[in-house]
$ cat target-v1.cif   # mmCIF, C-alpha atoms
data_coords
loop_
_atom_site.group_PDB
_atom_site.id
_atom_site.type_symbol
_atom_site.label_atom_id
_atom_site.label_comp_id
_atom_site.auth_asym_id
_atom_site.auth_seq_id
_atom_site.Cartn_x
_atom_site.Cartn_y
_atom_site.Cartn_z
ATOM 1 C CA MET A 79 115.745 56.620 30.259
ATOM 2 C CA SER A 80 112.884 58.911 29.293
ATOM 3 C CA LYS A 81 111.330 61.295 31.793
ATOM 4 C CA MET A 82 108.012 62.918 32.509
ATOM 5 C CA ARG A 83 107.008 66.056 34.367
ATOM 6 C CA VAL A 84 105.355 65.516 37.754
ATOM 7 C CA GLU A 85 103.392 68.095 39.734
ATOM 8 C CA VAL A 86 102.196 67.228 43.249
ATOM 9 C CA VAL A 87 99.961 69.892 44.751
ATOM 10 C CA SER A 88 98.099 69.921 48.055
ATOM 11 C CA THR A 89 95.383 72.326 49.075
ATOM 12 C CA GLU A 90 98.065 74.341 50.881
ATOM 13 C CA GLN A 91 101.093 74.339 48.557
ATOM 14 C CA MET A 92 103.155 72.863 45.727
ATOM 15 C CA ILE A 93 104.847 69.788 47.188
ATOM 16 C CA PHE A 94 106.889 68.606 44.201
ATOM 17 C CA SER A 95 107.485 69.931 40.715
ATOM 18 C CA GLY A 96 110.069 68.289 38.522
ATOM 19 C CA GLU A 97 111.037 65.340 36.375
ATOM 20 C CA ALA A 98 110.622 61.677 37.229
ATOM 21 C CA GLU A 99 111.471 58.409 35.508
ATOM 22 C CA PHE A 100 108.799 56.420 37.357
ATOM 23 C CA VAL A 101 105.906 57.134 39.741
ATOM 24 C CA VAL A 102 104.059 54.775 42.087
ATOM 25 C CA ALA A 103 100.759 55.984 43.531
ATOM 26 C CA PRO A 104 98.211 54.506 45.968
ATOM 27 C CA ALA A 105 95.170 54.398 43.650
ATOM 28 C CA THR A 106 91.832 53.351 45.130
ATOM 29 C CA GLU A 107 91.847 50.114 43.108
ATOM 30 C CA GLY A 108 95.437 49.293 44.107
ATOM 31 C CA GLU A 109 98.938 50.624 43.682
ATOM 32 C CA ILE A 110 99.664 51.957 40.192
ATOM 33 C CA GLY A 111 103.041 52.404 38.542
ATOM 34 C CA VAL A 112 103.486 54.941 35.754
ATOM 35 C CA TYR A 113 106.343 55.275 33.274
ATOM 36 C CA PRO A 114 106.706 58.060 30.688
ATOM 37 C CA GLN A 115 104.376 57.727 27.682
ATOM 38 C CA HIS A 116 101.704 55.984 29.796
ATOM 39 C CA VAL A 117 98.216 56.077 28.342
ATOM 40 C CA PRO A 118 96.076 58.920 29.704
ATOM 41 C CA LEU A 119 94.038 58.135 32.788
ATOM 42 C CA LEU A 120 92.332 59.786 35.712
ATOM 43 C CA THR A 121 92.162 57.987 39.050
ATOM 44 C CA ARG A 122 91.349 58.654 42.670
ATOM 45 C CA ILE A 123 94.174 58.136 45.135
ATOM 46 C CA LYS A 124 93.760 56.911 48.685
ATOM 47 C CA PRO A 125 95.829 57.618 51.788
ATOM 48 C CA GLY A 126 99.317 56.243 51.344
ATOM 49 C CA VAL A 127 102.737 56.885 49.861
ATOM 50 C CA LEU A 128 103.455 58.456 46.488
ATOM 51 C CA ARG A 129 106.927 57.385 45.297
ATOM 52 C CA LEU A 130 108.900 59.237 42.617
ATOM 53 C CA LYS A 131 112.100 57.983 40.959
ATOM 54 C CA VAL A 132 113.947 61.193 40.146
ATOM 55 C CA PRO A 133 116.702 61.230 37.477
ATOM 56 C CA GLY A 134 120.212 61.283 38.890
ATOM 57 C CA SER A 135 119.175 60.139 42.376
ATOM 58 C CA SER A 136 119.365 56.680 43.905
ATOM 59 C CA GLU A 137 116.780 57.639 46.540
ATOM 60 C CA GLU A 138 113.089 57.935 45.760
ATOM 61 C CA VAL A 139 111.186 61.084 46.676
ATOM 62 C CA LEU A 140 108.382 60.055 49.041
ATOM 63 C CA VAL A 141 105.202 62.032 49.608
ATOM 64 C CA ALA A 142 102.521 60.996 52.098
ATOM 65 C CA VAL A 143 99.109 61.748 50.590
ATOM 66 C CA SER A 144 95.744 61.617 52.339
ATOM 67 C CA GLY A 145 93.752 61.148 49.141
ATOM 68 C CA GLY A 146 92.867 63.103 46.047
ATOM 69 C CA MET A 147 93.096 62.710 42.275
ATOM 70 C CA MET A 148 95.845 61.828 39.824
ATOM 71 C CA GLU A 149 95.781 62.696 36.127
ATOM 72 C CA VAL A 150 98.236 60.906 33.861
ATOM 73 C CA GLN A 151 99.174 62.207 30.418
ATOM 74 C CA PRO A 152 102.017 60.738 28.316
ATOM 75 C CA SER A 153 104.538 63.348 29.507
ATOM 76 C CA LEU A 154 102.825 64.884 32.565
ATOM 77 C CA ILE A 155 101.428 63.562 35.844
ATOM 78 C CA THR A 156 99.409 65.870 38.052
ATOM 79 C CA VAL A 157 98.529 64.826 41.586
ATOM 80 C CA LEU A 158 95.955 66.973 43.363
ATOM 81 C CA ALA A 159 96.191 65.776 46.953
ATOM 82 C CA ASP A 160 93.851 66.696 49.782
ATOM 83 C CA THR A 161 96.929 66.848 52.003
ATOM 84 C CA ALA A 162 100.520 65.953 51.110
ATOM 85 C CA ILE A 163 103.731 65.935 53.132
ATOM 86 C CA ARG A 164 107.220 65.182 51.812
ATOM 87 C CA GLY A 165 108.948 62.210 53.403
ATOM 88 C CA GLU A 166 111.696 64.285 55.021
ATOM 89 C CA ASP A 167 109.067 66.416 56.803
ATOM 90 C CA LEU A 168 107.377 63.476 58.542
ATOM 91 C CA ASP A 169 107.476 63.133 62.328
ATOM 92 C CA GLU A 170 106.340 59.811 63.825
ATOM 93 C CA ALA A 171 105.471 61.135 67.291
ATOM 94 C CA ARG A 172 103.431 63.969 65.802
ATOM 95 C CA ALA A 173 101.672 61.591 63.368
ATOM 96 C CA ASN A 174 100.760 59.160 66.168
ATOM 97 C CA GLU A 175 99.418 62.006 68.304
ATOM 98 C CA ALA A 176 97.421 63.350 65.354
ATOM 99 C CA LYS A 177 95.959 59.872 64.785
ATOM 100 C CA ARG A 178 94.922 59.570 68.444
ATOM 101 C CA ALA A 179 93.393 63.051 68.395
ATOM 102 C CA ALA A 180 91.471 62.305 65.182
ATOM 103 C CA GLU A 181 90.160 59.027 66.606
ATOM 104 C CA ASP A 182 89.015 60.856 69.757
ATOM 105 C CA SER A 183 87.350 63.549 67.637
ATOM 106 C CA LEU A 184 85.586 60.864 65.630
ATOM 107 C CA LYS A 185 84.205 59.284 68.806
ATOM 108 C CA ARG A 186 82.954 62.670 70.035
ATOM 109 C CA ALA A 187 81.562 63.842 66.673
ATOM 110 C CA THR A 188 77.908 64.813 66.918
ATOM 111 C CA ASP A 189 77.170 66.041 63.383
ATOM 112 C CA ASP A 190 78.182 65.428 59.770
ATOM 113 C CA LEU A 191 80.664 68.318 59.659
ATOM 114 C CA SER A 192 82.630 67.265 62.746
ATOM 115 C CA THR A 193 82.584 63.639 61.544
ATOM 116 C CA ALA A 194 83.949 64.669 58.132
ATOM 117 C CA LYS A 195 86.682 66.805 59.716
ATOM 118 C CA ALA A 196 87.704 63.923 61.989
ATOM 119 C CA HIS A 197 87.805 61.491 59.046
ATOM 120 C CA ALA A 198 89.969 63.934 57.064
ATOM 121 C CA ALA A 199 92.400 64.376 59.972
ATOM 122 C CA LEU A 200 92.559 60.613 60.447
ATOM 123 C CA ALA A 201 93.329 60.090 56.735
ATOM 124 C CA VAL A 202 96.236 62.535 56.948
ATOM 125 C CA ALA A 203 97.685 60.825 60.028
ATOM 126 C CA ILE A 204 97.318 57.375 58.469
ATOM 127 C CA ALA A 205 99.041 58.527 55.272
ATOM 128 C CA GLU A 206 101.950 59.907 57.305
ATOM 129 C CA LEU A 207 102.267 56.681 59.303
ATOM 130 C CA LYS A 208 102.190 54.580 56.107
ATOM 131 C CA ALA A 209 104.994 56.692 54.664
ATOM 132 C CA LEU A 210 107.042 56.337 57.854
ATOM 133 C CA ASP A 211 106.456 52.560 57.849
ATOM 134 C CA PHE A 212 107.634 52.403 54.232
ATOM 135 C CA LEU A 213 110.788 54.334 55.139
ATOM 136 C CA LYS A 214 111.510 51.973 58.049
ATOM 137 C CA LYS A 215 111.076 48.860 55.889
ATOM 138 C CA ARG A 216 113.308 50.306 53.168
ATOM 139 C CA ALA A 217 116.045 51.078 55.708
ATOM 140 C CA HIS A 218 116.271 47.404 56.686
#
$ encode --input "target-v1.cif" --output "structure tokens"
Amino acid sequence: MSKMRVEVVSTEQMIFSGEAEFVVAPATEGEIGVYPQHVPLLTRIKPGVLRLKVPGSSEEVLVAVSGGMMEVQPSLITVLADTAIRGEDLDEARANEAKRAAEDSLKRATDDLSTAKAHAALAVAIAELKALDFLKKRAH
């Protein structure tokens, strides 16, 4: 099967850099699947789970993303995520606590900046929880 290069970058670090046979991303208009040689496109991604089918592995690489942009070229996909966390680094208790804290911050927000920060924190927590939910469903 043919492969494509995939780069997933958050504002803090490189999350994934390597080859993939297939990528599924949470685009704003719905989930999008990309195979090598896909037509070029640029799309916004929403909070959710980015799934990568890596050559030689039966398990998908999962990355929780809180939003951002994805550029698709025939042999390269670049995901610029606001925040991204690999599946193996997710912690359900921490994600639930972060969600509660973000919801509390949103209730207490008194200006545009604090509201935006609370929305961003909530998006990260929701993306993590979606990824964890996906992992639970796949395990069953």
$ closest_atom_pairs --input "target-v1.cif" --of "stretch 121-179 of chain A" --to "stretch 203-217 of chain A" --cutoff "6 Å" --atoms "only C-alpha atoms" --output "tab-separated table"
residue	atom	partner	partner_atom	distance
A:Pro125	CA	A:Ala205	CA	4.8
A:Gly126	CA	A:Ala205	CA	4.6
A:Val127	CA	A:Ala209	CA	5.3
A:Ala142	CA	A:Ala205	CA	5.3
A:Val143	CA	A:Ala205	CA	5.7
A:Ser144	CA	A:Ala205	CA	5.4
A:Ala173	CA	A:Ala203	CA	5.3
A:Ala176	CA	A:Ala203	CA	5.9
A:Lys177	CA	A:Ala203	CA	5.1
$ write_last_selection --input "target-v1.cif" --atoms "C-alpha atoms" --output "PDB file, in the frame of the given file"
ATOM      1  CA  PRO A 125      95.829  57.618  51.788  1.00  0.00           C
ATOM      2  CA  GLY A 126      99.317  56.243  51.344  1.00  0.00           C
ATOM      3  CA  VAL A 127     102.737  56.885  49.861  1.00  0.00           C
ATOM      4  CA  ALA A 142     102.521  60.996  52.098  1.00  0.00           C
ATOM      5  CA  VAL A 143      99.109  61.748  50.590  1.00  0.00           C
ATOM      6  CA  SER A 144      95.744  61.617  52.339  1.00  0.00           C
ATOM      7  CA  ALA A 173     101.672  61.591  63.368  1.00  0.00           C
ATOM      8  CA  ALA A 176      97.421  63.350  65.354  1.00  0.00           C
ATOM      9  CA  LYS A 177      95.959  59.872  64.785  1.00  0.00           C
TER      10      LYS A 177
END
$ atom_distance --input "target-v1.cif" --atom1 "atom CA of A:Gly145" --atom2 "atom CA of A:Ala159"
5.7 Å
$ atom_distance --input "target-v1.cif" --atom1 "atom CA of A:Glu85" --atom2 "atom CA of A:Val202"
19.5 Å
$ closest_atom_pairs --input "target-v1.cif" --of "stretch 135-156 of chain A" --to "stretch 99-120 of chain A" --cutoff "7 Å" --atoms "all atoms listed in the file" --output "CSV"
residue,atom,partner,partner_atom,distance
A:Met148,CA,A:Leu120,CA,5.8
A:Glu149,CA,A:Leu120,CA,4.5
A:Val150,CA,A:Pro118,CA,5.1
A:Gln151,CA,A:Pro118,CA,4.6
A:Pro152,CA,A:Gln115,CA,3.9
A:Ser153,CA,A:Pro114,CA,5.8
$ atom_distance --input "target-v1.cif" --atom1 "atom CA of A:Ala199" --atom2 "atom CA of A:Glu181"
8.8 Å
$ closest_residue --input "target-v1.cif" --among "A:His197, A:Lys185, A:Lys131, A:Arg164" --to "A:Gln91" --atoms "all atoms listed in the file"
A:Arg164
$ closest_residue --input "target-v1.cif" --among "A:Met147, A:Lys195, A:Ser183, A:Val86" --to "A:Ile163" --atoms "all atoms listed in the file"
A:Val86
$ closest_residue --input "target-v1.cif" --among "A:Leu200, A:Val132, A:Val87, A:Ala187" --to "A:Ala162" --atoms "only C-alpha atoms"
A:Val87
$ closest_residue --input "target-v1.cif" --among "A:Leu184, A:Ala98, A:Ser88, A:Ile93" --to "A:Leu154" --atoms "only C-alpha atoms"
A:Ala98
$ build_atoms --input "target-v1.cif" --residues "stretch 155-175 of chain A" --atoms "N, CA, C and O atoms" --output "PDB file, in the frame of the given file"
ATOM      1  N   ILE A 155     102.293  64.112  34.794  1.00  0.00           N
ATOM      2  CA  ILE A 155     101.428  63.562  35.844  1.00  0.00           C
ATOM      3  C   ILE A 155     101.117  64.698  36.796  1.00  0.00           C
ATOM      4  O   ILE A 155     102.017  65.394  37.265  1.00  0.00           O
ATOM      5  N   THR A 156      99.838  64.863  37.092  1.00  0.00           N
ATOM      6  CA  THR A 156      99.409  65.870  38.052  1.00  0.00           C
ATOM      7  C   THR A 156      98.685  65.164  39.194  1.00  0.00           C
ATOM      8  O   THR A 156      97.719  64.439  38.951  1.00  0.00           O
ATOM      9  N   VAL A 157      99.175  65.377  40.399  1.00  0.00           N
ATOM     10  CA  VAL A 157      98.529  64.826  41.586  1.00  0.00           C
ATOM     11  C   VAL A 157      97.956  65.986  42.378  1.00  0.00           C
ATOM     12  O   VAL A 157      98.687  66.896  42.788  1.00  0.00           O
ATOM     13  N   LEU A 158      96.650  65.973  42.552  1.00  0.00           N
ATOM     14  CA  LEU A 158      95.955  66.973  43.363  1.00  0.00           C
ATOM     15  C   LEU A 158      95.574  66.275  44.656  1.00  0.00           C
ATOM     16  O   LEU A 158      94.587  65.537  44.704  1.00  0.00           O
ATOM     17  N   ALA A 159      96.378  66.477  45.686  1.00  0.00           N
ATOM     18  CA  ALA A 159      96.191  65.776  46.953  1.00  0.00           C
ATOM     19  C   ALA A 159      95.418  66.637  47.943  1.00  0.00           C
ATOM     20  O   ALA A 159      95.597  67.855  47.989  1.00  0.00           O
ATOM     21  N   ASP A 160      94.554  65.983  48.719  1.00  0.00           N
ATOM     22  CA  ASP A 160      93.851  66.696  49.782  1.00  0.00           C
ATOM     23  C   ASP A 160      94.888  67.288  50.734  1.00  0.00           C
ATOM     24  O   ASP A 160      94.858  68.458  51.056  1.00  0.00           O
ATOM     25  N   THR A 161      95.802  66.437  51.175  1.00  0.00           N
ATOM     26  CA  THR A 161      96.929  66.848  52.003  1.00  0.00           C
ATOM     27  C   THR A 161      98.130  66.035  51.558  1.00  0.00           C
ATOM     28  O   THR A 161      98.001  64.852  51.261  1.00  0.00           O
ATOM     29  N   ALA A 162      99.298  66.648  51.509  1.00  0.00           N
ATOM     30  CA  ALA A 162     100.520  65.953  51.110  1.00  0.00           C
ATOM     31  C   ALA A 162     101.692  66.492  51.919  1.00  0.00           C
ATOM     32  O   ALA A 162     101.792  67.688  52.156  1.00  0.00           O
ATOM     33  N   ILE A 163     102.557  65.568  52.342  1.00  0.00           N
ATOM     34  CA  ILE A 163     103.731  65.935  53.132  1.00  0.00           C
ATOM     35  C   ILE A 163     104.921  65.152  52.598  1.00  0.00           C
ATOM     36  O   ILE A 163     104.851  63.924  52.454  1.00  0.00           O
ATOM     37  N   ARG A 164     106.007  65.858  52.292  1.00  0.00           N
ATOM     38  CA  ARG A 164     107.220  65.182  51.812  1.00  0.00           C
ATOM     39  C   ARG A 164     107.788  64.292  52.909  1.00  0.00           C
ATOM     40  O   ARG A 164     107.689  64.603  54.094  1.00  0.00           O
ATOM     41  N   GLY A 165     108.407  63.196  52.476  1.00  0.00           N
ATOM     42  CA  GLY A 165     108.948  62.210  53.403  1.00  0.00           C
ATOM     43  C   GLY A 165     109.872  62.784  54.457  1.00  0.00           C
ATOM     44  O   GLY A 165     109.801  62.416  55.629  1.00  0.00           O
ATOM     45  N   GLU A 166     110.735  63.725  54.063  1.00  0.00           N
ATOM     46  CA  GLU A 166     111.696  64.285  55.021  1.00  0.00           C
ATOM     47  C   GLU A 166     111.038  65.183  56.066  1.00  0.00           C
ATOM     48  O   GLU A 166     111.654  65.516  57.080  1.00  0.00           O
ATOM     49  N   ASP A 167     109.779  65.558  55.842  1.00  0.00           N
ATOM     50  CA  ASP A 167     109.067  66.416  56.803  1.00  0.00           C
ATOM     51  C   ASP A 167     108.185  65.633  57.778  1.00  0.00           C
ATOM     52  O   ASP A 167     107.495  66.229  58.598  1.00  0.00           O
ATOM     53  N   LEU A 168     108.230  64.303  57.683  1.00  0.00           N
ATOM     54  CA  LEU A 168     107.377  63.476  58.542  1.00  0.00           C
ATOM     55  C   LEU A 168     107.962  63.342  59.940  1.00  0.00           C
ATOM     56  O   LEU A 168     109.175  63.273  60.115  1.00  0.00           O
ATOM     57  N   ASP A 169     107.089  63.281  60.927  1.00  0.00           N
ATOM     58  CA  ASP A 169     107.476  63.133  62.328  1.00  0.00           C
ATOM     59  C   ASP A 169     106.558  62.075  62.942  1.00  0.00           C
ATOM     60  O   ASP A 169     105.348  62.279  63.054  1.00  0.00           O
ATOM     61  N   GLU A 170     107.139  60.938  63.339  1.00  0.00           N
ATOM     62  CA  GLU A 170     106.340  59.811  63.825  1.00  0.00           C
ATOM     63  C   GLU A 170     105.548  60.141  65.093  1.00  0.00           C
ATOM     64  O   GLU A 170     104.372  59.805  65.203  1.00  0.00           O
ATOM     65  N   ALA A 171     106.173  60.801  66.047  1.00  0.00           N
ATOM     66  CA  ALA A 171     105.471  61.135  67.291  1.00  0.00           C
ATOM     67  C   ALA A 171     104.285  62.054  67.006  1.00  0.00           C
ATOM     68  O   ALA A 171     103.183  61.849  67.529  1.00  0.00           O
ATOM     69  N   ARG A 172     104.517  63.047  66.151  1.00  0.00           N
ATOM     70  CA  ARG A 172     103.431  63.969  65.802  1.00  0.00           C
ATOM     71  C   ARG A 172     102.312  63.245  65.050  1.00  0.00           C
ATOM     72  O   ARG A 172     101.133  63.470  65.290  1.00  0.00           O
ATOM     73  N   ALA A 173     102.674  62.337  64.142  1.00  0.00           N
ATOM     74  CA  ALA A 173     101.672  61.591  63.368  1.00  0.00           C
ATOM     75  C   ALA A 173     100.847  60.679  64.272  1.00  0.00           C
ATOM     76  O   ALA A 173      99.621  60.587  64.122  1.00  0.00           O
ATOM     77  N   ASN A 174     101.502  60.021  65.232  1.00  0.00           N
ATOM     78  CA  ASN A 174     100.760  59.160  66.168  1.00  0.00           C
ATOM     79  C   ASN A 174      99.817  59.980  67.039  1.00  0.00           C
ATOM     80  O   ASN A 174      98.682  59.567  67.296  1.00  0.00           O
ATOM     81  N   GLU A 175     100.273  61.132  67.493  1.00  0.00           N
ATOM     82  CA  GLU A 175      99.418  62.006  68.304  1.00  0.00           C
ATOM     83  C   GLU A 175      98.240  62.524  67.477  1.00  0.00           C
ATOM     84  O   GLU A 175      97.111  62.579  67.961  1.00  0.00           O
TER      85      GLU A 175
END
